[in-house]
Every structure is written in structure tokens, then in C-alpha cells.
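Novice: Encoded as C-alpha cells, here's the structure I'll be asking about.
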Amino acid sequence: LPKDEMREYGYKVVDAIVEHFSTQNDKFPVVVGSREEMDHLFLEEAPEKPTDPQEVLDFVLNKVISKSAIVSHPKSYSFVPGPSNYISAMADTLATGFNVFSGGWAASPAAAELEIVTMNWLLKIFGFPVKKGGGIFTSGGSMANLTAIATARRIKCGDDFAKAVIYLSDQAHSSNIKAIRVLGFKKEQIRIIPTDAEFKFSINKLKNAIAKDRLEGLQPFCLVATAGTTNTGTVDPLSSLAKICKTENIWFHIDGAYGGAAILAKDGKALLKGISKADSLTVDPHKWFFQPYEMGCLLVRNSKWLKSTFTEKPEYLRDIEGNESEINFYDHGIQLTRRFRALKFYMSIKTFGLKAFRTAISYNIELAEKVEGILRKSPHWEVISPATLAVINFRFNPIGENYSEKKLDKINQYISEQVVASQEALLVTTLLNGQVVLRMCLINPRTTINDVKETLAQCKTFTNITST
Ligand code: PLP
């Protein structure tokens, strides 16, 4: 494209993004679109002939973007919202525009250095050793968990993992089981430990399972704890689990993809006590660190663990190996060619300062507690799991009605379906102890108590289904 046309095109893109950031609150967060409708709109053969660039852009802005949910909308309460920020969106645009290769030192020493710098910030925030420790930015929490479990296996078991056993609770995120399966573990090597009444890792059941496995000559090698479960925001008893892992020589991985960022808030920090004792820790900046997709992160106590797990030395990379201090992040994980993820983290933290992040996260934690207060005062709602790290679960269960469990499940499912169908809020259900509950995740700093009150009032309008 000629320079002028590129500029005009780019301005239009930026204008659209700015418009999105300034008007998103007034739109509907939910979109609906069947496969049939989407096929009808978009299905076509790859064109041989060119199309006018403005025409393609207009089509995308009008039809594609408008058919995507607004995950940063104040009433987007599910699943984990994506309250991104403008500076990071622009940083991602820069990283893509310049197509910075963030795999090896030689291609961009500055990109590698910014990954080291931002990683050091995170290591310090989470109380990990900054000098010895290290990590890698990944596409998200799932890839960070996969990277962690692959590393744990390499360090604890070497090549022979036939007798290796891994432990996680029934509230661990599904990405962990996915990772374990992908890594080739058999069903018999996985122990899913039931949680207690507060949805926390049950220590006694864990100890019994480890003892039994040792007796059978198996090798307990890794434990995955969760710091902020997806369902309820619950933090496992990290300090006790750390002790067990130390005594038993088990790798201690913490999945803090959801809740890790809460360490920046005073209350969150207290809840996350023990997080610094992990061998590896997943955090997910595209959740509560307010980064746009895709950005996950794995931190480890010793960066050599990553290097010894992921280093390969093909002949075509021999000229860019560099020296010990020049980190090639392709040696720290699975990806060789990587986008420049550190840039958005760097630019947003530099621009806003950590204090703004602390304030936003504290606000979210307090907002969920306020919502709990409102629900507890109402005769219509029952709190099923208390506000924890900005997650709260509740259901419609009016005092004095004595509905059967089956009917309650039906009503609450219906409420969610109707709210979503109205497109005014994204509020879906989960199952806790077999009950259908409404789960609200309040990590968006733009969500106000009034937004929540409006949504609760809307929910109430859908409660009088009479069929059983
Ligand atoms: N772990 C936890 C606790 C999560 O809540 C999530 C996502 O919600 C993940 C892992 C997966 O992260 P991602 O969706 O970024 O891959």
C-alpha cells in the first residue's frame, strides 16, 4: 500500500479501538450467532482477485467485531472477564506492527531484556528469588501449566516417568489435567484429591494418598495447588502443602492463573500466604493484570530448570546461541518463534504504575464483598460460596418457599439462560456440590455496585417459572 493509504487505514483502526474503549459500557456484552448465521455472513472461497482495503476493513469492523462478545464490559461476569487496557492494546499493536521476534537474544536483545526485566518484577512481587529464578511469558495459563508440569517431570523424573504420580484437587483447573494427559501420563498416575467443605485441598486425604503410593513403590513427583480456584476463588492451604512437598521431595506447582494477581492487594496478599514457596507458579496477566489476550506467565525458582527441560541445539541456530547471560527464551519453553508479550506488560506498568493495579484489584475484592453483603440481606438469594478473590457464587432460594433441589436447579439455570438471552449481562452457572449456582467473577474495575444491583434486579424478573 502507498504510505498515505497505510496511514489512513491505520487511523481508522485506531479510531475504531478508541471508540470501543470509550463506548463499550453502553453496548451489550453478549453476542449470539448460530453456525448457520455465521456461515451465511462469512463463508466464501479464498478470493483470487483483490478487494478494496477500505471495503474489507469496513466489513470486518461492522460484521466481525460486532459479532464478538465484549469481555471487558462491566456486566460481563463470566467466565473470567478480560478487562484489558488501552496502553497494552497499543503495545500489542506495536509489537505486531514491527513483528518483533521474541525468541532469541540475537533477533531482539531489547525484547529479551524487557522479558527479563518484567519477569524480575514478577519474581519480586511473588517473593521468588530474583537472581536465580526465572520464567517465561506464554500464550496463557494453560500453556504455563503445561510448561510447569513438563519441567517438574524433567527435573524430578528424568526420562523415566513410568512410576511417577501427580496430585491435584477436584477444584484444579481443567488445563492441568489436559496438560497431564498431553504429556502422556496414564490415568493410574493421576490422583484427584477431594476438597473439603470450603473447596480447599484436603490435607489428610493428600497425605494418605501419598503414603499409599509410596507403599506401592510409586514415585509421587508433583503436586498442583490452586491459588484462586476458577469456581470459587478459593486458595488452597499453600504453606501446609509446601511443607508436605518439601518433606516428600515433591515438586510444588501453584496454579495462580486466576488469583495470583491479588498479591498486589493487601487482603489478597494475606490470602496468598505461602505462594512464594512454590517451585513453579502460573500467573495469567491477561486476567487480573488487565492485559489483552494472549499473555500467561510461568515463574520458577531456578531458571536452569527451564533451560534443562527445553533446550535443543539444532545446527541452524548455532550462530545465535550467544553466551550464558544472553537468554534465548526459546530455551525456556515450547515456542521458538514468539511474539513480544513483555512489551504490553512493560508499557502498562510503566504508564499506570503498580499502585493503580493495586487500587483496581483491591476495589474488585471489596466489590465482591459488598455484593455478598447485599445477597445475604436479601430473603431471595442464598450465598453458596462467600466472596473470595472477587468471585461469589449464589442462587435464588427464597426463604419460606422450600423448593426442592431439582426445582432450585431449574430456576437458577433458567435465570442464567434468560439473562444471557437478553444480552444485557453474561452470567452463567457452575456446579458446586452438585447444585446449580450463579457465579459472578468481578475482576473488572469498570464494574460498579450499581451494575451488579441492576443485574440482580434483572435476575429477579426471571424467577417465577412455575413448571416443575
Ligand atoms: N488456571 C486457572 C485457575 C484458570 O482459572 C484458568 C482460566 O480461567 C486457567 C488456568 C487457564 O488459563 P488460560 O485460559 O489463560 O489458558
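Following the order of the C-alpha cells, chains are lettered A, B, ..., residues in each are numbered from 1, and ligands are numbered from 1.
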Find the spatial neighbours of range 300-304 of chain A, counting only C-alpha atoms, within a cut-off of 12 Å - ignore same-chain residues fewer than 2 positions away - and output them as a PyMOL selection string.
Specialist: chain A and resi 116+119-120+122-124+126-137+144-145+147-149+151-152+154-155+251-254+275-283+297-298+306-311+324-325+327-329+331-333
Novice: What residues have any atom no more than 7 Å from ligand 1 when counting only C-alpha atoms and all ligand atoms, and can you list them as a list of chain:residue names?
Specialist: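 Those within range of ligand 1 are A:Val80, A:Gly140, A:Gly141, A:Ser142, A:Met143, A:Ala172, A:His173, A:Ser175, A:Thr226, A:Gly228, A:Thr229, A:Thr230, A:Asp255, A:Gly256, A:Ala257, A:Tyr258, A:Asp284, A:His286, A:Gly296.
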Novice: With C-alpha atoms retained, could you export that selection as a PDB file, in the first residue's frame?
Specialist:
```pdb
ATOM      1  CA  VAL A  80     -13.080 -14.952  33.759  1.00  0.00           C
ATOM      2  CA  GLY A 140      -1.991 -18.103  28.621  1.00  0.00           C
ATOM      3  CA  GLY A 141      -2.426 -20.014  31.849  1.00  0.00           C
ATOM      4  CA  SER A 142      -2.984 -23.362  30.122  1.00  0.00           C
ATOM      5  CA  MET A 143       0.379 -23.187  28.345  1.00  0.00           C
ATOM      6  CA  ALA A 172      -7.926 -27.661  39.978  1.00  0.00           C
ATOM      7  CA  HIS A 173      -8.437 -26.024  36.581  1.00  0.00           C
ATOM      8  CA  SER A 175      -5.928 -27.116  31.887  1.00  0.00           C
ATOM      9  CA  THR A 226      -4.524 -23.623  43.157  1.00  0.00           C
ATOM     10  CA  GLY A 228      -7.727 -18.826  43.370  1.00  0.00           C
ATOM     11  CA  THR A 229      -9.824 -21.667  42.011  1.00  0.00           C
ATOM     12  CA  THR A 230     -11.851 -20.851  38.954  1.00  0.00           C
ATOM     13  CA  ASP A 255      -1.719 -22.524  39.527  1.00  0.00           C
ATOM     14  CA  GLY A 256      -2.308 -18.860  40.303  1.00  0.00           C
ATOM     15  CA  ALA A 257      -3.700 -18.110  36.848  1.00  0.00           C
ATOM     16  CA  TYR A 258      -6.891 -16.772  38.286  1.00  0.00           C
ATOM     17  CA  ASP A 284      -2.054 -15.052  33.894  1.00  0.00           C
ATOM     18  CA  HIS A 286      -4.485 -11.485  30.596  1.00  0.00           C
ATOM     19  CA  GLY A 296       0.248 -16.068  30.562  1.00  0.00           C
TER      20      GLY A 296
END
```
Novice: Per DSSP on the backbone, what are the strand (DSSP E or B) residues of range 94-167 of chain A, as a PyMOL selection string?
Specialist: chain A and resi 134-138+164-167
Novice: Okay, now the selection with N, CA and C atoms, as a PDB file, in the first residue's frame?
Specialist:
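The result, stored in part34.pdb:
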```pdb
ATOM      1  N   GLY A 134      13.504 -17.439  37.422  1.00  0.00           N
ATOM      2  CA  GLY A 134      13.277 -17.020  36.039  1.00  0.00           C
ATOM      3  C   GLY A 134      11.865 -17.362  35.639  1.00  0.00           C
ATOM      4  N   GLY A 135      11.651 -17.403  34.341  1.00  0.00           N
ATOM      5  CA  GLY A 135      10.304 -17.719  33.882  1.00  0.00           C
ATOM      6  C   GLY A 135      10.169 -17.484  32.398  1.00  0.00           C
ATOM      7  N   ILE A 136       8.927 -17.484  31.973  1.00  0.00           N
ATOM      8  CA  ILE A 136       8.652 -17.255  30.551  1.00  0.00           C
ATOM      9  C   ILE A 136       7.220 -16.764  30.385  1.00  0.00           C
ATOM     10  N   PHE A 137       7.018 -15.855  29.454  1.00  0.00           N
ATOM     11  CA  PHE A 137       5.656 -15.466  29.100  1.00  0.00           C
ATOM     12  C   PHE A 137       5.122 -16.455  28.067  1.00  0.00           C
ATOM     13  N   THR A 138       3.895 -16.864  28.302  1.00  0.00           N
ATOM     14  CA  THR A 138       3.271 -17.869  27.434  1.00  0.00           C
ATOM     15  C   THR A 138       1.987 -17.283  26.836  1.00  0.00           C
ATOM     16  N   ALA A 164       5.799 -42.383  38.050  1.00  0.00           N
ATOM     17  CA  ALA A 164       5.531 -41.044  38.586  1.00  0.00           C
ATOM     18  C   ALA A 164       4.037 -40.837  38.841  1.00  0.00           C
ATOM     19  N   VAL A 165       3.747 -40.153  39.961  1.00  0.00           N
ATOM     20  CA  VAL A 165       2.349 -39.857  40.292  1.00  0.00           C
ATOM     21  C   VAL A 165       2.208 -38.363  40.565  1.00  0.00           C
ATOM     22  N   ILE A 166       1.110 -37.797  40.084  1.00  0.00           N
ATOM     23  CA  ILE A 166       0.860 -36.361  40.251  1.00  0.00           C
ATOM     24  C   ILE A 166      -0.467 -36.151  40.997  1.00  0.00           C
ATOM     25  N   TYR A 167      -0.496 -35.124  41.861  1.00  0.00           N
ATOM     26  CA  TYR A 167      -1.649 -34.880  42.738  1.00  0.00           C
ATOM     27  C   TYR A 167      -2.252 -33.513  42.445  1.00  0.00           C
TER      28      TYR A 167
END
```
Novice: Give me the residues within 10 Å of Ile263 in chain A as a ChimeraX atom specification, counting only C-alpha atoms and dropping any in the same chain fewer than 6 places off.
Specialist: /A:125-126,269-273,275,358,361-362
Novice: Nearest to Glu37 in chain A: which of A:Glu326, A:Trp381, A:Ser422, A:Lys67 is it, counting only C-alpha atoms?
Specialist: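 Going through A:Glu326, A:Trp381, A:Ser422, A:Lys67 one by one, the smallest distance to Glu37 in chain A is for A:Lys67.
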